[in-house]
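K.L.:
Structure file structure27.txt (compact mmCIF, C-alpha atoms and all ligand atoms) right here:
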# COMPACT_ATOMS: atom_id res chain seq x y z
CA MET A 1 -25.91 123.32 22.08
CA ALA A 2 -22.64 125.34 21.91
CA TRP A 3 -21.91 126.91 18.55
CA SER A 4 -19.11 125.28 16.61
CA VAL A 5 -17.82 125.94 13.12
CA GLY A 6 -17.65 122.19 12.42
CA ALA A 7 -20.34 120.40 10.44
CA GLY A 8 -20.88 117.88 13.23
CA LEU A 9 -20.77 115.00 10.78
CA GLU A 10 -17.79 113.04 12.12
CA GLY A 11 -18.65 109.33 12.17
CA LYS A 12 -22.13 109.95 10.78
CA GLY A 13 -23.45 107.53 8.15
CA VAL A 14 -24.31 109.18 4.84
CA ILE A 15 -26.01 107.57 1.85
CA VAL A 16 -25.32 109.37 -1.45
CA THR A 17 -27.22 108.14 -4.50
CA GLY A 18 -26.23 109.05 -8.04
CA ALA A 19 -22.76 109.01 -6.50
CA ALA A 20 -20.99 108.12 -9.75
CA GLY A 21 -22.55 111.12 -11.49
CA GLY A 22 -21.09 114.57 -11.88
CA ILE A 23 -22.57 116.19 -8.80
CA GLY A 24 -22.77 112.94 -6.80
CA GLN A 25 -19.01 112.43 -6.92
CA ALA A 26 -18.41 115.96 -5.66
CA VAL A 27 -20.95 115.42 -2.87
CA ALA A 28 -19.30 112.14 -1.81
CA ARG A 29 -15.88 113.85 -1.73
CA ALA A 30 -17.26 116.73 0.32
CA PHE A 31 -18.79 114.39 2.92
CA ASP A 32 -15.49 112.52 3.07
CA THR A 33 -13.74 115.71 4.18
CA THR A 34 -16.20 116.13 7.07
CA GLY A 35 -15.24 112.77 8.59
CA ALA A 36 -18.59 111.20 7.71
CA ARG A 37 -18.78 107.63 6.40
CA VAL A 38 -20.28 107.40 2.95
CA MET A 39 -22.25 104.69 1.23
CA ALA A 40 -22.04 105.63 -2.45
CA VAL A 41 -24.87 104.18 -4.55
CA ASP A 42 -25.16 104.14 -8.33
CA LEU A 43 -25.59 101.67 -11.19
CA ASP A 44 -21.96 100.81 -11.99
CA GLN A 45 -19.81 99.09 -9.36
CA ALA A 46 -16.52 99.82 -11.16
CA LYS A 47 -17.18 103.58 -11.15
CA LEU A 48 -18.10 103.44 -7.45
CA ASP A 49 -14.95 101.49 -6.62
CA GLU A 50 -12.88 104.14 -8.39
CA LEU A 51 -14.64 106.87 -6.41
CA ILE A 52 -14.13 105.13 -3.05
CA VAL A 53 -10.44 104.50 -3.72
CA GLY A 54 -10.00 108.23 -4.41
CA LEU A 55 -11.51 109.29 -1.07
CA GLY A 56 -9.11 110.08 1.74
CA GLY A 57 -11.22 108.88 4.65
CA ARG A 58 -12.04 105.41 5.91
CA GLY A 59 -15.17 103.33 6.23
CA HIS A 60 -16.76 104.26 2.91
CA ILE A 61 -18.49 101.69 0.72
CA GLY A 62 -19.70 101.62 -2.87
CA VAL A 63 -22.89 99.71 -3.61
CA ALA A 64 -24.23 99.13 -7.12
CA ALA A 65 -28.03 99.22 -7.13
CA ASP A 66 -30.83 100.06 -9.54
CA LEU A 67 -33.00 102.26 -7.33
CA ARG A 68 -36.05 101.56 -9.49
CA ILE A 69 -36.24 98.23 -7.63
CA ILE A 70 -38.27 99.58 -4.74
CA SER A 71 -38.27 96.26 -2.87
CA SER A 72 -34.48 96.58 -2.45
CA HIS A 73 -34.61 99.89 -0.56
CA ASP A 74 -35.07 98.59 2.99
CA ALA A 75 -32.14 96.18 2.60
CA LEU A 76 -29.98 98.97 1.15
CA VAL A 77 -30.67 101.25 4.10
CA GLU A 78 -30.14 98.38 6.55
CA ARG A 79 -26.79 97.63 4.92
CA ALA A 80 -25.80 101.28 5.38
CA ARG A 81 -26.83 101.17 9.04
CA ARG A 82 -24.84 97.97 9.60
CA GLU A 83 -21.68 98.85 7.66
CA LEU A 84 -21.48 102.58 8.40
CA GLY A 85 -22.68 102.17 11.99
CA ASN A 86 -25.70 104.46 11.57
CA VAL A 87 -27.72 106.29 8.91
CA TYR A 88 -27.89 110.01 9.59
CA VAL A 89 -28.07 111.48 6.06
CA LEU A 90 -29.66 110.51 2.77
CA ALA A 91 -28.56 112.71 -0.14
CA ASN A 92 -30.64 111.46 -3.04
CA LEU A 93 -29.22 112.65 -6.35
CA ALA A 94 -29.95 109.74 -8.71
CA ALA A 95 -31.98 110.98 -11.66
CA VAL A 96 -32.27 110.81 -15.43
CA LEU A 97 -33.09 113.36 -18.13
CA ARG A 98 -34.34 112.40 -21.59
CA ARG A 99 -34.59 115.43 -23.85
CA ARG A 100 -37.15 115.45 -26.68
CA SER A 101 -37.32 118.16 -29.31
CA SER A 102 -41.13 118.21 -29.47
CA LEU A 103 -44.05 117.19 -27.28
CA GLU A 104 -45.17 114.74 -29.98
CA GLU A 105 -41.94 112.80 -29.64
CA ILE A 106 -42.48 112.08 -25.95
CA THR A 107 -43.46 108.47 -25.36
CA GLU A 108 -45.14 106.83 -22.42
CA ASP A 109 -41.85 105.09 -21.74
CA ASP A 110 -40.11 108.49 -21.55
CA TRP A 111 -42.63 109.57 -18.93
CA ASP A 112 -42.40 106.35 -16.90
CA PHE A 113 -38.60 106.10 -17.07
CA GLN A 114 -38.01 109.62 -15.76
CA HIS A 115 -40.76 109.53 -13.14
CA ASP A 116 -39.75 106.07 -11.95
CA ILE A 117 -36.25 107.07 -10.97
CA ASN A 118 -36.60 110.80 -10.37
CA LEU A 119 -39.76 110.74 -8.24
CA LYS A 120 -41.05 107.26 -7.42
CA SER A 121 -37.69 105.80 -6.36
CA ALA A 122 -36.91 109.05 -4.55
CA PHE A 123 -40.10 108.80 -2.49
CA PHE A 124 -39.65 105.18 -1.48
CA LEU A 125 -35.96 105.58 -0.66
CA CYS A 126 -36.67 108.68 1.44
CA ARG A 127 -39.37 106.72 3.24
CA ALA A 128 -37.03 103.78 3.91
CA ALA A 129 -34.23 106.04 5.15
CA GLY A 130 -36.62 108.11 7.24
CA LYS A 131 -37.99 104.97 8.87
CA ALA A 132 -34.46 103.89 9.85
CA MET A 133 -33.69 107.38 11.21
CA VAL A 134 -36.87 107.36 13.29
CA ALA A 135 -35.95 103.93 14.71
CA GLN A 136 -32.45 105.16 15.62
CA GLY A 137 -33.96 108.11 17.48
CA HIS A 138 -31.11 110.59 16.79
CA GLY A 139 -32.75 112.76 14.14
CA GLY A 140 -31.45 112.91 10.60
CA ARG A 141 -31.17 114.73 7.32
CA ILE A 142 -32.85 113.94 4.01
CA ILE A 143 -31.67 115.99 1.04
CA THR A 144 -33.48 115.68 -2.26
CA PHE A 145 -32.52 117.11 -5.65
CA ALA A 146 -34.90 119.29 -7.64
CA SER A 147 -33.82 121.45 -10.60
CA GLN A 148 -34.51 124.95 -11.88
CA GLY A 149 -37.01 123.07 -14.06
CA TRP A 150 -39.34 122.66 -11.07
CA TRP A 151 -39.92 126.42 -11.34
CA THR A 152 -39.38 127.19 -15.05
CA GLY A 153 -40.95 124.07 -16.57
CA GLY A 154 -37.59 123.19 -18.12
CA PHE A 155 -35.56 124.14 -21.20
CA GLY A 156 -34.28 122.12 -24.14
CA GLY A 157 -37.06 119.50 -24.33
CA SER A 158 -37.23 118.63 -20.65
CA VAL A 159 -40.89 119.12 -19.68
CA VAL A 160 -41.31 115.56 -18.37
CA TYR A 161 -38.14 115.82 -16.29
CA ALA A 162 -39.31 119.22 -15.02
CA ALA A 163 -42.63 117.71 -13.94
CA SER A 164 -40.80 115.02 -11.98
CA LYS A 165 -38.74 117.72 -10.26
CA GLY A 166 -41.90 119.69 -9.40
CA GLY A 167 -43.01 116.51 -7.68
CA ILE A 168 -39.76 116.46 -5.73
CA VAL A 169 -40.43 119.92 -4.30
CA SER A 170 -43.96 118.99 -3.18
CA MET A 171 -42.80 115.65 -1.82
CA THR A 172 -39.96 117.28 0.10
CA ARG A 173 -42.42 119.61 1.84
CA GLY A 174 -44.75 116.74 2.69
CA LEU A 175 -41.95 114.60 4.10
CA ALA A 176 -40.64 117.56 6.10
CA ARG A 177 -44.02 117.77 7.82
CA THR A 178 -44.08 114.04 8.53
CA PHE A 179 -40.54 113.65 9.80
CA GLY A 180 -40.16 116.99 11.60
CA PRO A 181 -41.32 115.69 14.98
CA HIS A 182 -38.46 113.17 14.83
CA ARG A 183 -35.85 115.95 14.30
CA ILE A 184 -35.35 114.74 10.75
CA THR A 185 -35.10 117.64 8.31
CA VAL A 186 -36.05 117.25 4.65
CA ASN A 187 -34.85 119.83 2.13
CA ALA A 188 -34.39 120.06 -1.62
CA VAL A 189 -31.37 121.46 -3.46
CA SER A 190 -32.36 123.07 -6.74
CA PRO A 191 -29.43 123.55 -9.13
CA GLY A 192 -29.54 125.79 -12.17
CA GLN A 193 -27.03 124.58 -14.76
CA VAL A 194 -24.18 122.35 -13.66
CA ASN A 195 -21.36 121.11 -15.87
CA THR A 196 -22.14 117.37 -15.93
CA PRO A 197 -23.10 114.80 -18.59
CA MET A 198 -26.78 115.28 -17.69
CA LEU A 199 -26.78 118.95 -18.64
CA VAL A 200 -24.89 118.77 -21.91
CA THR A 201 -26.20 115.51 -23.38
CA GLY A 202 -28.51 116.41 -26.27
CA LEU A 203 -28.52 120.13 -25.42
CA ALA A 204 -28.14 122.55 -28.35
CA PRO A 205 -24.95 124.62 -27.86
CA ALA A 206 -26.95 127.82 -28.45
CA MET A 207 -29.28 126.93 -25.55
CA TYR A 208 -26.26 126.27 -23.30
CA GLU A 209 -24.82 129.70 -24.18
CA ALA A 210 -28.19 131.42 -23.68
CA MET A 211 -28.58 129.96 -20.19
CA LYS A 212 -25.02 130.95 -19.33
CA GLU A 213 -25.69 134.51 -20.47
CA GLN A 214 -28.78 134.69 -18.27
CA THR A 215 -26.78 133.63 -15.21
CA PRO A 216 -25.60 136.71 -13.29
CA LEU A 217 -22.56 134.88 -11.93
CA GLY A 218 -21.59 134.34 -15.57
CA HIS A 219 -20.67 130.67 -15.62
CA VAL A 220 -22.23 127.23 -15.51
CA ALA A 221 -21.62 125.73 -12.06
CA GLU A 222 -18.96 123.12 -11.49
CA PRO A 223 -20.20 120.16 -9.38
CA ASP A 224 -18.19 121.31 -6.35
CA GLU A 225 -20.30 124.47 -6.27
CA LEU A 226 -23.32 122.33 -5.33
CA ALA A 227 -21.57 120.07 -2.83
CA GLY A 228 -21.19 122.72 -0.13
CA THR A 229 -24.94 123.33 -0.03
CA VAL A 230 -25.56 119.61 0.50
CA VAL A 231 -23.04 119.42 3.35
CA PHE A 232 -24.51 122.58 4.88
CA LEU A 233 -28.02 121.08 4.85
CA ALA A 234 -26.62 117.92 6.46
CA SER A 235 -24.70 119.87 9.09
CA ASP A 236 -25.68 121.05 12.57
CA HIS A 237 -25.85 124.60 11.18
CA ALA A 238 -28.98 123.75 9.18
CA ARG A 239 -30.84 122.05 12.00
CA TYR A 240 -33.75 124.53 11.96
CA ILE A 241 -34.22 124.43 8.18
CA THR A 242 -36.80 122.01 6.82
CA GLY A 243 -39.15 121.87 3.87
CA ALA A 244 -36.97 124.39 2.01
CA THR A 245 -35.95 124.37 -1.63
CA ILE A 246 -32.48 125.92 -1.83
CA ASN A 247 -31.93 127.71 -5.12
CA VAL A 248 -28.29 127.20 -6.22
CA SER A 249 -28.42 128.66 -9.72
CA GLY A 250 -25.87 131.49 -9.79
CA GLY A 251 -28.79 133.92 -9.91
CA PHE A 252 -30.35 132.32 -13.03
CA LEU A 253 -33.45 132.22 -10.86
CA MET A 254 -33.95 134.50 -7.88
CA TYR A 255 -36.23 133.29 -5.10
N1 LIG S 1 -26.43 118.92 -14.21
C1 LIG S 1 -27.35 119.86 -14.09
O1 LIG S 1 -27.28 120.90 -14.76
C2 LIG S 1 -28.50 119.70 -13.13
C3 LIG S 1 -29.41 120.74 -13.05
C4 LIG S 1 -30.49 120.61 -12.20
C5 LIG S 1 -30.63 119.50 -11.39
N2 LIG S 1 -29.72 118.48 -11.49
C6 LIG S 1 -29.95 117.32 -10.62
O2 LIG S 1 -28.77 117.03 -9.90
C7 LIG S 1 -28.70 115.62 -9.62
C8 LIG S 1 -27.37 115.06 -10.07
O3 LIG S 1 -27.28 115.24 -11.49
P1 LIG S 1 -25.91 115.17 -12.32
O4 LIG S 1 -25.84 116.39 -13.14
O5 LIG S 1 -24.78 114.80 -11.44
O6 LIG S 1 -26.28 113.98 -13.32
P2 LIG S 1 -25.48 112.69 -13.75
O7 LIG S 1 -26.21 112.13 -14.91
O8 LIG S 1 -24.01 113.01 -13.91
O9 LIG S 1 -25.66 111.74 -12.47
C9 LIG S 1 -26.85 111.07 -12.17
C10 LIG S 1 -26.49 109.70 -11.65
O10 LIG S 1 -27.69 108.99 -11.30
C11 LIG S 1 -27.47 107.63 -11.61
N3 LIG S 1 -28.71 106.87 -11.79
C12 LIG S 1 -29.61 107.02 -12.81
N4 LIG S 1 -30.56 106.08 -12.71
C13 LIG S 1 -30.28 105.34 -11.61
C14 LIG S 1 -30.91 104.22 -11.01
N5 LIG S 1 -32.01 103.67 -11.53
N6 LIG S 1 -30.35 103.69 -9.89
C15 LIG S 1 -29.20 104.23 -9.39
N7 LIG S 1 -28.57 105.30 -9.92
C16 LIG S 1 -29.10 105.83 -11.03
C17 LIG S 1 -26.68 107.68 -12.93
O11 LIG S 1 -26.02 106.46 -13.19
C18 LIG S 1 -25.76 108.86 -12.71
O12 LIG S 1 -24.48 108.46 -12.25
C19 LIG S 1 -29.91 115.01 -10.34
O13 LIG S 1 -30.97 114.83 -9.44
C20 LIG S 1 -30.25 116.05 -11.38
O14 LIG S 1 -31.60 115.96 -11.77
C21 LIG S 1 -28.66 118.56 -12.33
Before anything else, please render the file you have as structure tokens.
Ligand SMILES: NC(=O)c1ccc[n+]([C@@H]2O[C@H](COP(=O)([O-])OP(=O)(O)OC[C@H]3O[C@@H](n4cnc5c(N)ncnc54)[C@H](O)[C@@H]3O)[C@@H](O)[C@H]2O)c1

P.N.:
Amino acid sequence: MAWSVGAGLEGKGVIVTGAAGGIGQAVARAFDTTGARVMAVDLDQAKLDELIVGLGGRGHIGVAADLRIISSHDALVERARRELGNVYVLANLAAVLRRRSSLEEITEDDWDFQHDINLKSAFFLCRAAGKAMVAQGHGGRIITFASQGWWTGGFGGSVVYAASKGGIVSMTRGLARTFGPHRITVNAVSPGQVNTPMLVTGLAPAMYEAMKEQTPLGHVAEPDELAGTVVFLASDHARYITGATINVSGGFLMY
């Protein structure tokens, strides 16, 4: 294959979940600029409609779905294949974080809620998308979202969330092994701190400042600073990378 600076994503079908969220919107906009066709998935149709209207390209769709309904995943992927023409990329960002100030406060519902969306839904949606990519026979890209918490165990009352993100890293490696023979890569993006509602909700200002101070690049990331990594992993340039966890933390962690 001749080397080209382009991402090679023109006309490719891309599913972005959590697309109405802080990072998800930036990821959808970044894919739009590559000429890919985006199916933006999140809970609120009005927010998705607003996102789609703001994109410059054509052929994008916004689909409201609660990804905890596992039985809906096959139909969601099939709709993407039909309306976008193909499914080449799944960028799975949908997740929730419930902070608790002590271990005693954590309820069984807290555990189930965060694991249901962050890990269980992620697994079944990756499986559904991977199955469609295998059937198409043109390879594909699955991009999952971990967090610095997978490595640190989490800050600011986020141990349950961190555990779900540890699961994402292990799952990503397992899926990379399974799908590799089909030229489908599976990689995780692991942000440090990103300026979105998820980071700041319920976080003590002193903790926010402390994490910023421990970040060599000196600032909390803006969502756009994550989007390029996602597009890179989806691009032709990343075709020999699989099973990786890409640390995008401004040096907060170094690995
Ligand atoms: N913001 C950070 O500092 C940070 C750090 C590390 C990792 N991350 C990860 O990055 C990803 C994006 O996070 P963000 O900061 O943009 O958060 P966000 O809260 O702004 O966006 C998450 C989106 O997921 C959606 N979502 C939640 N439950 C859903 C469900 N059941 N079905 C469909 N959609 C659902 C939400 O509606 C929301 O729009 C997440 O996986 C998050 O864990 C974020």

K.L.:
What is the distance, in Å and to one decimal place, between atom CA of A:Gly21 and atom CA of A:Thr196?

P.N.:
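These atoms are spaced 7.7 Å apart.
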
K.L.:
Name each residue within 6 Å of ligand LIG 1 (chain S), counting all atoms listed in the file, as number ranges by chain.

P.N.:
A: 18, 20-24, 42-43, 65-68, 93-96, 117, 145-148, 191-199

K.L.:
Nearest to A:Arg100: which of A:Ala40, A:Ala46, A:Leu125, A:Ala204 is it, counting all atoms listed in the file?

P.N.:
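The shortest atom-to-atom distance to A:Arg100 comes from A:Ala204.
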
K.L.:
Applying 10 Å and only C-alpha atoms, which residues near stretch 239-249 of chain A remain after dropping the ones on its own chain fewer than 6 positions away? List them as an mmCIF file with C-alpha atoms, keeping the file's coordinate frame.

P.N.:
data_model
loop_
_atom_site.group_PDB
_atom_site.id
_atom_site.type_symbol
_atom_site.label_atom_id
_atom_site.label_comp_id
_atom_site.auth_asym_id
_atom_site.auth_seq_id
_atom_site.Cartn_x
_atom_site.Cartn_y
_atom_site.Cartn_z
ATOM 1 C CA GLY A 139 -32.750 112.760 14.140
ATOM 2 C CA GLY A 140 -31.450 112.910 10.600
ATOM 3 C CA ARG A 141 -31.170 114.730 7.320
ATOM 4 C CA ILE A 142 -32.850 113.940 4.010
ATOM 5 C CA ILE A 143 -31.670 115.990 1.040
ATOM 6 C CA THR A 144 -33.480 115.680 -2.260
ATOM 7 C CA PHE A 145 -32.520 117.110 -5.650
ATOM 8 C CA ALA A 146 -34.900 119.290 -7.640
ATOM 9 C CA SER A 147 -33.820 121.450 -10.600
ATOM 10 C CA GLN A 148 -34.510 124.950 -11.880
ATOM 11 C CA ILE A 168 -39.760 116.460 -5.730
ATOM 12 C CA VAL A 169 -40.430 119.920 -4.300
ATOM 13 C CA SER A 170 -43.960 118.990 -3.180
ATOM 14 C CA MET A 171 -42.800 115.650 -1.820
ATOM 15 C CA THR A 172 -39.960 117.280 0.100
ATOM 16 C CA ARG A 173 -42.420 119.610 1.840
ATOM 17 C CA GLY A 174 -44.750 116.740 2.690
ATOM 18 C CA LEU A 175 -41.950 114.600 4.100
ATOM 19 C CA ALA A 176 -40.640 117.560 6.100
ATOM 20 C CA ARG A 177 -44.020 117.770 7.820
ATOM 21 C CA PHE A 179 -40.540 113.650 9.800
ATOM 22 C CA GLY A 180 -40.160 116.990 11.600
ATOM 23 C CA ARG A 183 -35.850 115.950 14.300
ATOM 24 C CA ILE A 184 -35.350 114.740 10.750
ATOM 25 C CA THR A 185 -35.100 117.640 8.310
ATOM 26 C CA VAL A 186 -36.050 117.250 4.650
ATOM 27 C CA ASN A 187 -34.850 119.830 2.130
ATOM 28 C CA ALA A 188 -34.390 120.060 -1.620
ATOM 29 C CA VAL A 189 -31.370 121.460 -3.460
ATOM 30 C CA SER A 190 -32.360 123.070 -6.740
ATOM 31 C CA PRO A 191 -29.430 123.550 -9.130
ATOM 32 C CA GLY A 192 -29.540 125.790 -12.170
ATOM 33 C CA GLN A 193 -27.030 124.580 -14.760
ATOM 34 C CA VAL A 194 -24.180 122.350 -13.660
ATOM 35 C CA THR A 215 -26.780 133.630 -15.210
ATOM 36 C CA PRO A 216 -25.600 136.710 -13.290
ATOM 37 C CA LEU A 217 -22.560 134.880 -11.930
ATOM 38 C CA HIS A 219 -20.670 130.670 -15.620
ATOM 39 C CA VAL A 220 -22.230 127.230 -15.510
ATOM 40 C CA ALA A 221 -21.620 125.730 -12.060
ATOM 41 C CA GLU A 225 -20.300 124.470 -6.270
ATOM 42 C CA LEU A 226 -23.320 122.330 -5.330
ATOM 43 C CA THR A 229 -24.940 123.330 -0.030
ATOM 44 C CA VAL A 230 -25.560 119.610 0.500
ATOM 45 C CA PHE A 232 -24.510 122.580 4.880
ATOM 46 C CA LEU A 233 -28.020 121.080 4.850
ATOM 47 C CA TYR A 255 -36.230 133.290 -5.100
#

K.L.:
Quick one: of A:Val160, A:Ala19, A:Val87, A:Ala227, who's nearest to A:Val41, counting all atoms listed in the file?

P.N.:
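Selected residue with least distance to A:Val41: A:Ala19.
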
K.L.:
Could you please determine the separation between atom CA of A:Lys165 and atom CA of A:Arg98 in Å, to one decimal place?

P.N.:
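Separating atom CA of A:Lys165 from atom CA of A:Arg98 is a distance of 13.3 Å.
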
K.L.:
May I ask for the distance between atom CA of A:Gly149 and atom CA of A:Asp224, given in Å to one decimal place?

P.N.:
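According to the coordinates, atom CA of A:Gly149 and atom CA of A:Asp224 are separated by 20.4 Å.
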
K.L.:
Which residue is closest to A:Leu253? Choose from A:Pro205, A:His115, A:Trp150, A:Val16 and count only C-alpha atoms.

P.N.:
A:Trp150

K.L.:
Which polymer residues, whether protein, DNA or RNA, lie within 10 Å of the coordinate (-29.8, 129.5, -20.3) when you count only C-alpha atoms? List them as a PDB file with C-alpha atoms, in the frame of the given file, using the chain letters and numbers from the file.

P.N.:
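Saved result, selection-v6.pdb, follows:
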ATOM      1  CA  PHE A 155     -35.560 124.140 -21.200  1.00  0.00           C
ATOM      2  CA  GLY A 156     -34.280 122.120 -24.140  1.00  0.00           C
ATOM      3  CA  GLY A 192     -29.540 125.790 -12.170  1.00  0.00           C
ATOM      4  CA  GLN A 193     -27.030 124.580 -14.760  1.00  0.00           C
ATOM      5  CA  ALA A 206     -26.950 127.820 -28.450  1.00  0.00           C
ATOM      6  CA  MET A 207     -29.280 126.930 -25.550  1.00  0.00           C
ATOM      7  CA  TYR A 208     -26.260 126.270 -23.300  1.00  0.00           C
ATOM      8  CA  GLU A 209     -24.820 129.700 -24.180  1.00  0.00           C
ATOM      9  CA  ALA A 210     -28.190 131.420 -23.680  1.00  0.00           C
ATOM     10  CA  MET A 211     -28.580 129.960 -20.190  1.00  0.00           C
ATOM     11  CA  LYS A 212     -25.020 130.950 -19.330  1.00  0.00           C
ATOM     12  CA  GLU A 213     -25.690 134.510 -20.470  1.00  0.00           C
ATOM     13  CA  GLN A 214     -28.780 134.690 -18.270  1.00  0.00           C
ATOM     14  CA  THR A 215     -26.780 133.630 -15.210  1.00  0.00           C
ATOM     15  CA  VAL A 220     -22.230 127.230 -15.510  1.00  0.00           C
ATOM     16  CA  PHE A 252     -30.350 132.320 -13.030  1.00  0.00           C
TER      17      PHE A 252
END

K.L.:
Which residues, protein or nucleic acid, reach to within 10 Å of (-43.2, 118.9, -20.8) in the file's coordinates when using all atoms listed in the file, and can you give that as a count of residues only?

P.N.:
17

K.L.:
Report the centre and edge lengths, in Å to one decimal, of an axis-aligned box enclosing every atom of stretch 60-78 of chain A listed in the file, padded by 5 Å on each side, as lines of an AutoDock Vina configuration file.

P.N.:
center_x = -27.5
center_y = 100.2
center_z = -1.5
size_x = 31.5
size_y = 18.1
size_z = 26.1

K.L.:
Check the smallest atom-to-atom distance from each of A:Gly167, A:Gly137, A:Gly35, A:Gly13 to A:Ala80 using all atoms listed in the file, then report the winner.

P.N.:
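Smallest distance to A:Ala80 is found for A:Gly13.
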
K.L.:
A:Ala129: which residues within 8 Å, counting only C-alpha atoms, same-chain residues fewer than 6 positions away excluded, as a list in words?

P.N.:
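Selected residues are Asp74, Val77, Val87 and Leu90 of chain A.
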